[in-house]
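Peer 1: Just so it is clear, I am handing over my_file_0.cif, which has mmCIF, C-alpha atoms and all ligand atoms.
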data_work
loop_
_atom_site.label_atom_id
_atom_site.label_comp_id
_atom_site.auth_asym_id
_atom_site.auth_seq_id
_atom_site.Cartn_x
_atom_site.Cartn_y
_atom_site.Cartn_z
CA MET A 1 0.00 0.00 0.00
CA LYS A 2 1.34 3.41 -0.88
CA SER A 3 2.07 6.00 1.74
CA SER A 4 -0.50 8.78 1.73
CA THR A 5 -1.96 11.49 3.94
CA LEU A 6 -1.07 11.46 7.61
CA ILE A 7 -4.26 11.08 9.63
CA TYR A 8 -2.66 13.03 12.52
CA ASP A 9 -2.48 16.10 10.26
CA LEU A 10 -6.27 16.42 10.43
CA ASP A 11 -8.40 18.27 12.94
CA LEU A 12 -11.77 16.89 13.96
CA PRO A 13 -13.64 19.22 11.54
CA ASP A 14 -11.35 18.05 8.67
CA LEU A 15 -12.02 14.44 9.54
CA THR A 16 -15.75 15.11 9.78
CA ASP A 17 -15.78 16.73 6.31
CA LEU A 18 -13.92 13.77 4.91
CA LEU A 19 -16.30 11.24 6.43
CA LEU A 20 -19.30 13.21 5.16
CA SER A 21 -17.77 13.18 1.67
CA TRP A 22 -17.59 9.40 1.96
CA GLY A 23 -21.30 9.34 2.80
CA GLU A 24 -20.66 8.42 6.43
CA PRO A 25 -22.51 10.01 9.36
CA ALA A 26 -20.64 12.70 11.31
CA TYR A 27 -20.60 10.71 14.56
CA ARG A 28 -18.23 8.25 12.91
CA ALA A 29 -15.62 11.02 12.76
CA LYS A 30 -15.87 11.51 16.50
CA GLN A 31 -15.57 7.77 17.04
CA ILE A 32 -12.38 7.70 14.99
CA TRP A 33 -11.07 10.80 16.77
CA GLN A 34 -11.58 9.19 20.15
CA GLY A 35 -9.95 5.99 18.95
CA LEU A 36 -6.89 7.97 17.83
CA TYR A 37 -6.60 10.36 20.75
CA ARG A 38 -8.11 8.51 23.72
CA HIS A 39 -7.24 4.91 23.01
CA PHE A 40 -4.16 5.76 20.94
CA TRP A 41 -5.12 3.24 18.28
CA TYR A 42 -2.79 3.51 15.33
CA SER A 43 -4.10 0.98 12.84
CA PRO A 44 -7.46 0.72 11.07
CA ASP A 45 -7.51 -2.86 12.37
CA HIS A 46 -7.89 -1.52 15.92
CA PHE A 47 -11.20 0.14 15.08
CA THR A 48 -13.26 -3.02 15.37
CA SER A 49 -16.49 -1.15 16.07
CA LEU A 50 -16.40 0.53 12.64
CA PRO A 51 -17.97 -1.07 9.57
CA LYS A 52 -15.48 -3.01 7.48
CA SER A 53 -15.95 -0.75 4.46
CA LEU A 54 -15.06 2.33 6.51
CA ARG A 55 -11.98 0.64 7.91
CA GLU A 56 -10.95 -0.21 4.36
CA ASN A 57 -11.44 3.40 3.31
CA LEU A 58 -9.31 4.58 6.22
CA ALA A 59 -6.63 2.06 5.35
CA GLU A 60 -6.68 3.08 1.70
CA THR A 61 -6.41 6.79 2.52
CA PHE A 62 -4.12 6.91 5.53
CA SER A 63 -2.18 3.74 6.07
CA LEU A 64 1.33 2.66 5.48
CA GLN A 65 2.22 -0.98 5.20
CA LYS A 66 4.40 -1.82 8.17
CA HIS A 67 5.79 -5.17 9.21
CA GLU A 68 2.85 -7.27 7.97
CA SER A 69 0.24 -4.85 9.30
CA VAL A 70 -1.27 -1.55 8.26
CA SER A 71 -0.55 1.46 10.40
CA PHE A 72 -1.32 5.18 10.51
CA SER A 73 2.00 5.81 12.19
CA ILE A 74 4.89 7.29 10.26
CA LEU A 75 7.27 7.42 13.20
CA GLU A 76 9.75 4.64 12.89
CA PRO A 77 11.98 4.39 15.96
CA SER A 78 15.50 3.68 14.75
CA MET A 79 17.16 3.90 18.15
CA ILE A 80 15.97 3.97 21.74
CA LEU A 81 18.36 4.99 24.49
CA ASP A 82 17.76 4.94 28.24
CA SER A 83 19.88 7.03 30.60
CA SER A 84 21.77 5.08 33.25
CA ASP A 85 19.50 6.40 36.02
CA GLY A 86 16.48 5.11 34.05
CA GLU A 87 14.73 8.48 34.21
CA THR A 88 15.28 9.67 30.67
CA ARG A 89 14.55 7.91 27.41
CA LYS A 90 15.44 9.29 24.01
CA THR A 91 13.97 7.94 20.80
CA LEU A 92 15.49 8.69 17.45
CA PHE A 93 12.90 8.47 14.69
CA THR A 94 13.56 8.29 11.00
CA LEU A 95 10.82 9.93 8.97
CA PRO A 96 9.73 8.43 5.63
CA ASP A 97 12.06 10.83 3.78
CA ASN A 98 14.93 9.68 6.03
CA ARG A 99 15.07 12.89 8.06
CA PRO A 100 15.94 12.31 11.72
CA ILE A 101 14.09 13.73 14.71
CA GLU A 102 14.37 13.01 18.39
CA THR A 103 11.85 12.90 21.21
CA VAL A 104 12.70 12.61 24.89
CA LEU A 105 10.68 11.26 27.81
CA MET A 106 11.61 12.40 31.30
CA ARG A 107 10.22 10.59 34.31
CA TYR A 108 10.79 12.83 37.32
CA SER A 109 8.70 12.32 40.42
CA ASN A 110 5.07 12.17 39.31
CA ARG A 111 5.58 13.89 36.01
CA ARG A 112 5.90 12.27 32.65
CA THR A 113 7.25 15.06 30.51
CA LEU A 114 7.92 14.82 26.81
CA CYS A 115 10.36 17.02 24.95
CA ILE A 116 9.21 17.11 21.32
CA SER A 117 10.72 18.35 18.05
CA THR A 118 9.15 20.75 15.57
CA GLN A 119 11.80 20.58 12.86
CA SER A 120 14.46 18.18 11.70
CA GLY A 121 17.53 20.27 12.44
CA CYS A 122 17.29 24.01 13.01
CA ALA A 123 18.04 27.11 10.94
CA MET A 124 18.98 29.35 13.88
CA GLY A 125 22.59 28.27 14.24
CA CYS A 126 23.07 28.86 17.98
CA VAL A 127 26.71 27.98 18.48
CA PHE A 128 26.36 25.84 21.61
CA CYS A 129 23.45 23.72 20.34
CA ALA A 130 23.92 20.39 18.59
CA THR A 131 20.70 20.86 16.60
CA GLY A 132 21.92 24.26 15.44
CA GLN A 133 25.27 22.72 14.54
CA MET A 134 23.57 20.20 12.20
CA GLY A 135 21.74 22.91 10.20
CA PHE A 136 18.19 22.97 8.91
CA GLY A 137 16.54 19.87 7.44
CA ARG A 138 12.86 20.67 7.17
CA HIS A 139 9.76 21.71 9.08
CA LEU A 140 7.64 18.96 10.58
CA SER A 141 3.95 18.86 9.76
CA SER A 142 1.54 19.32 12.66
CA GLY A 143 0.76 15.59 12.49
CA GLU A 144 4.42 14.68 12.75
CA ILE A 145 4.61 16.80 15.90
CA VAL A 146 1.39 15.29 17.28
CA GLU A 147 2.53 11.75 16.66
CA GLN A 148 5.61 12.10 18.86
CA VAL A 149 3.26 12.62 21.80
CA LEU A 150 0.99 9.77 20.76
CA TYR A 151 3.96 7.42 20.38
CA TYR A 152 4.95 7.92 24.01
CA ALA A 153 1.34 8.03 25.19
CA ARG A 154 0.89 4.53 23.71
CA MET A 155 4.02 3.31 25.42
CA LEU A 156 3.13 4.84 28.80
CA ALA A 157 -0.42 3.46 28.59
CA THR A 158 0.96 -0.08 28.57
CA GLN A 159 2.48 0.76 31.99
CA GLY A 160 -0.68 2.40 33.31
CA GLU A 161 0.86 5.87 32.96
CA VAL A 162 -0.01 9.05 31.09
CA VAL A 163 1.82 11.99 29.55
CA THR A 164 1.49 14.87 32.04
CA ASN A 165 3.51 17.66 30.38
CA VAL A 166 4.98 18.52 27.01
CA VAL A 167 7.86 20.89 26.38
CA VAL A 168 8.32 22.05 22.81
CA MET A 169 12.07 22.22 23.28
CA GLY A 170 13.38 19.39 21.17
CA MET A 171 14.93 19.81 17.77
CA GLY A 172 14.06 23.00 15.97
CA GLU A 173 12.70 26.46 16.59
CA PRO A 174 8.94 26.12 17.15
CA PHE A 175 8.17 29.73 16.25
CA HIS A 176 9.93 29.23 12.89
CA ASN A 177 7.26 26.55 12.27
CA PHE A 178 4.60 28.57 14.05
CA GLU A 179 1.32 27.35 12.55
CA ALA A 180 2.20 23.66 12.67
CA ALA A 181 3.51 23.85 16.23
CA LEU A 182 0.40 25.59 17.52
CA ALA A 183 -1.97 23.42 15.48
CA ALA A 184 -0.33 20.34 17.03
CA ILE A 185 -0.89 21.67 20.54
CA ASP A 186 -4.51 22.56 19.75
CA ARG A 187 -5.10 19.05 18.44
CA LEU A 188 -3.60 17.41 21.50
CA SER A 189 -5.55 19.64 23.87
CA ASP A 190 -8.91 19.04 22.17
CA PRO A 191 -11.37 18.03 24.94
CA GLU A 192 -13.00 15.53 22.55
CA GLY A 193 -9.68 13.78 22.15
CA MET A 194 -6.53 13.59 24.25
CA ASN A 195 -7.56 16.62 26.28
CA LEU A 196 -4.05 17.55 27.36
CA GLY A 197 -4.71 21.10 28.56
CA ALA A 198 -2.79 24.00 27.03
CA ARG A 199 -1.27 24.81 30.45
CA ARG A 200 0.60 21.54 30.30
CA PHE A 201 2.58 22.73 27.29
CA THR A 202 5.62 24.98 27.23
CA ILE A 203 6.94 26.48 24.00
CA SER A 204 10.51 27.69 23.97
CA THR A 205 11.68 30.23 21.42
CA VAL A 206 15.08 31.63 20.56
CA GLY A 207 13.36 35.03 20.37
CA LEU A 208 11.59 35.47 17.03
CA VAL A 209 9.99 38.81 17.78
CA PRO A 210 7.13 38.86 15.23
CA ALA A 211 6.11 35.34 16.31
CA ILE A 212 6.12 36.32 20.00
CA ARG A 213 3.72 39.13 19.11
CA LYS A 214 1.53 36.76 17.09
CA PHE A 215 1.52 34.32 19.98
CA ALA A 216 0.63 37.05 22.48
CA VAL A 217 -2.57 38.03 20.69
CA ARG A 218 -3.83 34.47 20.90
CA LYS A 219 -3.85 34.84 24.70
CA SER A 220 -3.17 31.17 24.92
CA GLN A 221 -2.67 29.24 28.17
CA ILE A 222 0.47 27.63 26.72
CA ASN A 223 3.55 28.56 28.77
CA LEU A 224 6.20 30.64 27.05
CA ALA A 225 9.95 30.29 27.52
CA VAL A 226 12.49 32.58 25.86
CA SER A 227 16.10 31.53 25.39
CA LEU A 228 18.14 34.51 26.48
CA HIS A 229 21.63 33.27 27.50
CA ALA A 230 23.24 36.71 27.40
CA ALA A 231 22.26 40.15 28.64
CA ASN A 232 24.03 42.37 26.11
CA ASP A 233 23.83 42.38 22.33
CA GLU A 234 27.50 41.79 21.69
CA LEU A 235 27.62 38.60 23.71
CA ARG A 236 24.19 37.37 22.66
CA SER A 237 24.91 37.89 18.95
CA SER A 238 28.12 35.89 19.30
CA MET A 239 26.13 32.93 20.65
CA LEU A 240 22.71 33.30 19.03
CA PRO A 241 23.02 34.74 15.50
CA ILE A 242 19.29 35.61 15.46
CA ASN A 243 20.10 38.37 17.93
CA LYS A 244 21.53 40.41 15.03
CA LYS A 245 18.06 40.46 13.49
CA TYR A 246 16.09 40.85 16.73
CA PRO A 247 18.33 42.57 19.28
CA LEU A 248 17.61 42.62 22.99
CA THR A 249 15.68 45.89 23.18
CA GLU A 250 13.21 44.62 20.54
CA LEU A 251 12.99 41.21 22.16
CA MET A 252 12.33 42.67 25.60
CA GLU A 253 9.70 45.00 24.18
CA ALA A 254 7.87 42.03 22.61
CA CYS A 255 8.10 40.19 25.95
CA ARG A 256 6.71 43.22 27.75
CA GLU A 257 3.78 43.34 25.34
CA TYR A 258 3.18 39.62 25.80
CA ILE A 259 3.00 40.01 29.57
CA ALA A 260 0.74 43.07 29.28
CA LEU A 261 -1.68 41.18 27.03
CA THR A 262 -1.70 37.81 28.76
CA HIS A 263 -0.64 38.54 32.36
CA ARG A 264 1.38 35.38 32.09
CA ARG A 265 4.88 34.80 33.35
CA ILE A 266 7.78 34.20 30.96
CA SER A 267 10.61 31.81 31.76
CA PHE A 268 13.98 32.99 30.51
CA GLU A 269 16.47 30.27 29.74
CA TRP A 270 20.10 30.65 30.45
CA ALA A 271 22.70 27.98 29.71
CA LEU A 272 25.49 28.77 32.20
CA ILE A 273 28.84 28.78 30.42
CA HIS A 274 32.00 29.03 32.48
CA GLY A 275 33.52 32.50 32.40
CA ILE A 276 31.21 33.64 29.59
CA ASN A 277 27.75 34.31 30.99
CA ASP A 278 27.96 32.99 34.55
CA THR A 279 29.58 36.08 36.06
CA PRO A 280 28.01 38.41 38.65
CA GLU A 281 28.30 41.18 36.05
CA GLN A 282 26.12 39.20 33.59
CA ALA A 283 23.63 38.53 36.40
CA ARG A 284 23.44 42.27 37.11
CA GLN A 285 22.98 43.09 33.41
CA LEU A 286 20.27 40.45 33.22
CA ALA A 287 18.49 41.84 36.28
CA ASN A 288 18.63 45.26 34.68
CA LEU A 289 17.29 43.98 31.36
CA LEU A 290 14.33 42.29 33.00
CA GLN A 291 13.26 45.43 34.88
CA ILE A 292 11.27 46.68 31.87
CA LEU A 293 8.99 43.68 32.28
CA LYS A 294 7.78 44.92 35.64
CA GLN A 295 4.11 45.80 35.50
CA SER A 296 2.26 47.34 38.45
CA GLY A 297 5.18 46.42 40.66
CA THR A 298 5.14 42.73 39.70
CA LEU A 299 7.80 41.00 37.69
CA LEU A 300 6.23 38.18 35.70
CA ALA A 301 9.57 36.63 34.87
CA HIS A 302 11.65 33.76 36.04
CA VAL A 303 15.14 32.63 35.08
CA ASN A 304 15.80 28.98 34.35
CA ALA A 305 19.53 28.48 34.54
CA ILE A 306 21.05 25.22 33.38
CA PRO A 307 24.73 24.38 33.28
CA LEU A 308 25.79 24.12 29.62
CA ASN A 309 25.45 20.64 28.18
CA PRO A 310 28.41 19.46 26.13
CA THR A 311 28.15 19.34 22.32
CA SER A 312 30.83 18.30 19.88
CA ARG A 313 31.43 21.62 18.16
CA TYR A 314 31.39 24.03 21.09
CA LYS A 315 34.46 23.98 23.22
CA GLN A 316 33.42 26.14 26.17
CA LYS A 317 32.80 24.49 29.52
CA ALA A 318 29.81 24.35 31.80
CA THR A 319 29.70 26.55 34.87
CA THR A 320 30.60 25.06 38.25
CA HIS A 321 28.09 24.47 41.01
CA GLN A 322 29.58 27.27 43.08
CA ARG A 323 29.45 29.80 40.25
CA ALA A 324 25.87 28.82 39.41
CA ILE A 325 24.83 29.45 43.02
CA ALA A 326 26.61 32.82 43.00
CA PHE A 327 24.83 33.76 39.76
CA ARG A 328 21.48 32.89 41.27
CA SER A 329 22.23 34.83 44.47
CA GLU A 330 23.13 37.91 42.46
CA LEU A 331 19.81 37.75 40.60
CA GLU A 332 17.91 37.22 43.82
CA LYS A 333 19.41 40.44 45.20
CA TYR A 334 17.43 42.21 42.50
CA GLY A 335 14.27 40.25 43.21
CA ILE A 336 14.59 37.97 40.18
CA PRO A 337 13.59 34.38 40.90
CA CYS A 338 16.02 31.86 39.45
CA THR A 339 16.01 28.07 39.39
CA ILE A 340 19.12 26.08 38.67
CA ARG A 341 18.06 23.06 36.67
CA LEU A 342 19.74 19.75 36.99
CA ARG A 343 21.37 18.38 33.89
CA ARG A 344 19.49 15.28 32.80
CA GLY A 345 20.02 12.55 30.28
CA ILE A 346 23.52 13.75 29.47
CA ASP A 347 24.88 10.22 29.11
CA ILE A 348 22.54 9.60 26.17
CA GLN A 349 22.84 13.11 24.65
CA ALA A 350 19.24 13.82 25.59
CA GLY A 351 19.92 17.06 27.44
CA CYS A 352 18.92 20.53 26.23
CA GLY A 353 20.71 21.37 23.02
CA GLN A 354 22.11 17.88 22.53
CA LEU A 355 19.60 16.51 20.03
CA ALA A 356 21.33 16.02 16.73
CA GLY A 357 19.69 12.99 15.21
CA ILE A 358 22.90 11.07 15.37
CA THR A 359 23.69 8.65 18.07
CA LEU A 360 27.11 8.70 19.55
CA ASN A 361 28.26 5.89 21.76
CA PRO A 362 26.09 6.46 24.84
CA HIS A 363 28.68 5.02 27.16
CA GLN A 364 31.75 6.81 25.93
N1 LIG B 401 14.66 26.42 19.56
C1 LIG B 401 14.09 26.63 20.83
C2 LIG B 401 13.77 25.35 21.56
C3 LIG B 401 14.73 24.22 21.45
S1 LIG B 401 16.26 24.40 22.29
C4 LIG B 401 14.97 27.53 21.66
O1 LIG B 401 16.11 27.74 21.29
O2 LIG B 401 14.49 28.04 22.67
C5 LIG B 401 15.78 24.18 24.01
C6 LIG B 401 16.65 24.95 24.99
O3 LIG B 401 17.95 24.35 25.09
C7 LIG B 401 16.87 26.40 24.62
O4 LIG B 401 16.74 27.22 25.74
C8 LIG B 401 18.31 26.40 24.17
O5 LIG B 401 18.89 27.66 24.23
C9 LIG B 401 18.90 25.39 25.12
N2 LIG B 401 20.21 24.86 24.72
C10 LIG B 401 20.70 24.71 23.48
N3 LIG B 401 21.93 24.16 23.53
C11 LIG B 401 22.22 23.97 24.84
C12 LIG B 401 23.33 23.42 25.53
N4 LIG B 401 24.39 22.95 24.88
N5 LIG B 401 23.29 23.35 26.88
C13 LIG B 401 22.19 23.80 27.55
N6 LIG B 401 21.10 24.33 26.95
C14 LIG B 401 21.12 24.41 25.61
FE1 LIG B 402 17.67 26.06 17.17
FE2 LIG B 402 16.98 26.35 19.74
FE3 LIG B 402 19.21 25.03 19.05
FE4 LIG B 402 19.11 27.67 18.73
S1 LIG B 402 19.02 26.55 20.66
S2 LIG B 402 19.90 26.20 17.23
S3 LIG B 402 17.00 27.94 18.13
S4 LIG B 402 17.13 24.42 18.58
#
Let me see whether you can do it: turn the structure in this file into structure tokens.
Ligand code: SAH
Ligand code: SF4

Peer 2:
Amino acid sequence: MKSSTLIYDLDLPDLTDLLLSWGEPAYRAKQIWQGLYRHFWYSPDHFTSLPKSLRENLAETFSLQKHESVSFSILEPSMILDSSDGETRKTLFTLPDNRPIETVLMRYSNRRTLCISTQSGCAMGCVFCATGQMGFGRHLSSGEIVEQVLYYARMLATQGEVVTNVVVMGMGEPFHNFEAALAAIDRLSDPEGMNLGARRFTISTVGLVPAIRKFAVRKSQINLAVSLHAANDELRSSMLPINKKYPLTELMEACREYIALTHRRISFEWALIHGINDTPEQARQLANLLQILKQSGTLLAHVNAIPLNPTSRYKQKATTHQRAIAFRSELEKYGIPCTIRLRRGIDIQAGCGQLAGITLNPHQ
């Protein structure tokens, strides 16, 4: 059977229109939707309550032939790696056109958090990021983004567990693939289907100013994170080339507008690099930069600091524990809340900025 449309690219209204065009009643669309997003069925053969002719139509339109069975799924896991502490799992998928993407599951305390990709590779070229180092492959469709969540939801369901949170922080810049990324979240949060509320999602952007503005007007409940990493233009441009296009004053203005419109807090991400951006001086500049976000005396901002994760083409070192604590203390003097994140999944290159679609020896 030839590969055709991806069923996960459709919204419920699209599916309903299709079913009506096949002469089927609309309630069948809802039945299929619930099969896909509540039971996580991924083959027409799973839909045993549907008439045979409808199953055949679904198979004809949406299925790929896979290992003796027909499947809606296009995600083919080519490598699964578990961290030595058993808390992090990374899956490398090869898409039908051979593009790689990676998805990470983190099991910390009661949370089951997925880190999903929106592009194969990334066009933004941040120097310390393995995805940036590999360059841009292509955008993912909304269905390809959705299916990463469903893949893990299926796996967790076999263990009596559910996905609790999703961070859109895997490969790629989600705001560079804006419509698909947001359509994927809408589809997954549909109350008729998976019903994973928008508040359970966090989108992280490198700072694409027009997209931040577009996102703000949606007044969505999705959490926003902005990757800052440096508090002056010279340093930030040397690490994040996009800063030349959208310098800090413009970025901060867009963040201020976002907070004014949504009254929601922004998390600012900061990969602590030894001697580069982990100094008390950088903390003071950062505190100063964030002041413009203060509205009616409240600062709806938070700094997420994470020691730099190693990547092959960036030679700088991570901060030390002591320096990270000093950085945080300096921010706290100015009333800026800061969390120092633990580095996770480093032994399987599943940490922030380490997803490159290639698998190095996990035990080296
Ligand atoms: N493109 C988006 C989301 C994916 S990257 C963005 O840049 O925000 C997810 C986070 O990992 C970003 O905050 C990014 O700056 C950070 N990151 C990239 N490389 C890193 C590294 N080597 N160590 C720690 N964090 C890194
Ligand atoms: Fe792309 Fe984000 Fe990596 Fe920058 S940090 S290259 S924007 S994935």

Peer 1: Please write out the residues within 6 Å of ligand LIG 401 (chain B) as an mmCIF file with C-alpha atoms, in the frame of the given file, counting all atoms listed in the file.

Peer 2:
data_model
loop_
_atom_site.group_PDB
_atom_site.id
_atom_site.type_symbol
_atom_site.label_atom_id
_atom_site.label_comp_id
_atom_site.auth_asym_id
_atom_site.auth_seq_id
_atom_site.Cartn_x
_atom_site.Cartn_y
_atom_site.Cartn_z
ATOM 1 C CA PHE A 128 26.360 25.840 21.610
ATOM 2 C CA CYS A 129 23.450 23.720 20.340
ATOM 3 C CA MET A 169 12.070 22.220 23.280
ATOM 4 C CA GLY A 170 13.380 19.390 21.170
ATOM 5 C CA MET A 171 14.930 19.810 17.770
ATOM 6 C CA GLY A 172 14.060 23.000 15.970
ATOM 7 C CA GLU A 173 12.700 26.460 16.590
ATOM 8 C CA SER A 204 10.510 27.690 23.970
ATOM 9 C CA THR A 205 11.680 30.230 21.420
ATOM 10 C CA VAL A 206 15.080 31.630 20.560
ATOM 11 C CA VAL A 226 12.490 32.580 25.860
ATOM 12 C CA SER A 227 16.100 31.530 25.390
ATOM 13 C CA GLU A 269 16.470 30.270 29.740
ATOM 14 C CA ALA A 271 22.700 27.980 29.710
ATOM 15 C CA LEU A 308 25.790 24.120 29.620
ATOM 16 C CA ASN A 309 25.450 20.640 28.180
ATOM 17 C CA PRO A 310 28.410 19.460 26.130
ATOM 18 C CA THR A 311 28.150 19.340 22.320
ATOM 19 C CA CYS A 352 18.920 20.530 26.230
ATOM 20 C CA GLY A 353 20.710 21.370 23.020
#

Peer 1: Which residues are near segment 280-292 of chain A? Cut-off 7 Å, all atoms listed in the file, ignore same chain within fewer than 5 positions. Put them as a list in words.

Peer 2: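 Once the nearby chain positions are removed, what remains is Ala231, Phe327, Glu330, Leu331, Tyr334 and Ile336 of chain A.
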
Peer 1: Which residues come within 12 Å of Glu257 of chain A, counting all atoms listed in the file, excluding same-chain residues fewer than 6 positions away, as a PyMOL selection string?

Peer 2: chain A and resi 209-210+212-217+219+250-251+263-266+292-295+300

Peer 1: From the options A:Phe201, A:Phe47, A:Phe175, A:Phe93, which residue's atoms come nearest to ligand LIG 402 (chain B), counting only C-alpha atoms and all ligand atoms?

Peer 2: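 The answer is A:Phe175, which sits nearest to ligand LIG 402 (chain B).
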
Peer 1: Between atom CA of Val146 of chain A and atom CA of Ala181 of chain A, what is the distance in Å, rounded to a tenth?

Peer 2: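 Atom CA of Ala181 of chain A lies 8.9 Å from atom CA of Val146 of chain A.
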
Peer 1: Would you please work out which residue, of A:Leu19, A:Ala305, A:Tyr314, A:Asn232, is nearest to Ala326 of chain A when using only C-alpha atoms?

Peer 2: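 Checking each of A:Leu19, A:Ala305, A:Tyr314, A:Asn232 against Ala326 of chain A, counting only C-alpha atoms, the winner is A:Ala305.
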
Peer 1: Rank nothing, just name the residue among A:Ile74, A:Leu150, A:Cys115, A:Leu12 nearest to ligand LIG 402 (chain B), using all atoms listed in the file.

Peer 2: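 Using all atoms listed in the file, ligand LIG 402 (chain B) sits closest to A:Cys115.
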
Peer 1: Check the smallest atom-to-atom distance from each of A:Ser220, A:Asn243, A:Leu272, A:Asn277 to Tyr258 of chain A using all atoms listed in the file, then report the winner.

Peer 2: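 When distances to Tyr258 of chain A are compared using all atoms listed in the file, the smallest one comes from A:Ser220.
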
Peer 1: Which residue gives the smallest distance to ligand LIG 402 (chain B) among A:Arg99, A:Arg187, A:Arg236, A:Lys30, with all atoms listed in the file counted?

Peer 2: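 That would be A:Arg236, the residue with the smallest distance to ligand LIG 402 (chain B).
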
Peer 1: Any idea what's packed within 9 Å of Val104 of chain A, counting all atoms listed in the file, ignoring anything in its chain fewer than 2 positions away? Could you give it as a list in words?

Peer 2: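 In the requested form, the answer reads Thr88, Arg89, Lys90, Thr91, Leu92, Glu102, Met106, Thr113, Leu114, Cys115, Ile116, Gly170, Ala350 and Gly351 of chain A.
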
Peer 1: Write a file of the selected residues as a tab-separated table (two decimals), in the coordinates of the input, keeping C-alpha atoms.

Peer 2:
chain	number	residue	atom	x	y	z
A	88	THR	CA	15.28	9.67	30.67
A	89	ARG	CA	14.55	7.91	27.41
A	90	LYS	CA	15.44	9.29	24.01
A	91	THR	CA	13.97	7.94	20.80
A	92	LEU	CA	15.49	8.69	17.45
A	102	GLU	CA	14.37	13.01	18.39
A	106	MET	CA	11.61	12.40	31.30
A	113	THR	CA	7.25	15.06	30.51
A	114	LEU	CA	7.92	14.82	26.81
A	115	CYS	CA	10.36	17.02	24.95
A	116	ILE	CA	9.21	17.11	21.32
A	170	GLY	CA	13.38	19.39	21.17
A	350	ALA	CA	19.24	13.82	25.59
A	351	GLY	CA	19.92	17.06	27.44

Peer 1: List the neighbours of Asn195 of chain A out to 12 Å using all atoms listed in the file; skip same-chain residues closer than 3 positions along the sequence, and give me the result as a list in words.

Peer 2: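 In the requested format, the answer is Trp33, Gln34, Tyr37, Arg38, Val162, Val163, Thr164, Asn165, Ile185, Asp186, Arg187, Leu188, Ser189, Asp190, Pro191, Glu192, Ala198, Arg199, Arg200 and Phe201 of chain A.
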
Peer 1: Rounded to one decimal place, report the atom CA of Glu87 of chain A-atom CA of Arg107 of chain A distance in Å.

Peer 2: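 We find that atom CA of Glu87 of chain A and atom CA of Arg107 of chain A lie 5.0 Å from each other.
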
Peer 1: Restricting the calculation to all atoms listed in the file: of A:Ile306, A:Ile7, A:Val167, A:Val149, which residue gets closest to Ala318 of chain A?

Peer 2: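 So, comparing all the options, the nearest one is A:Ile306.
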
Peer 1: Could you work out how far atom CA of Phe268 of chain A lies from atom CA of Thr202 of chain A, giving the answer in Å with one decimal?

Peer 2: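 Atom CA of Thr202 of chain A sits 12.0 Å away from atom CA of Phe268 of chain A.
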
Peer 1: Return as AutoDock Vina command-line options the centre and edge lengths, in Å with one decimal, of the box along x, y and z that encloses every atom of ligand LIG 402 (chain B) in the file, padded by 4 Å per side.

Peer 2:
--center_x 18.4 --center_y 26.2 --center_z 18.9 --size_x 10.9 --size_y 11.5 --size_z 11.5

Peer 1: Which residues come within 12 Å of Leu75 of chain A, counting all atoms listed in the file, excluding same-chain residues fewer than 2 positions away, as a ChimeraX atom specification?

Peer 2: /A:6,8,42,64,66,71-73,77-79,91-103,140,143-152
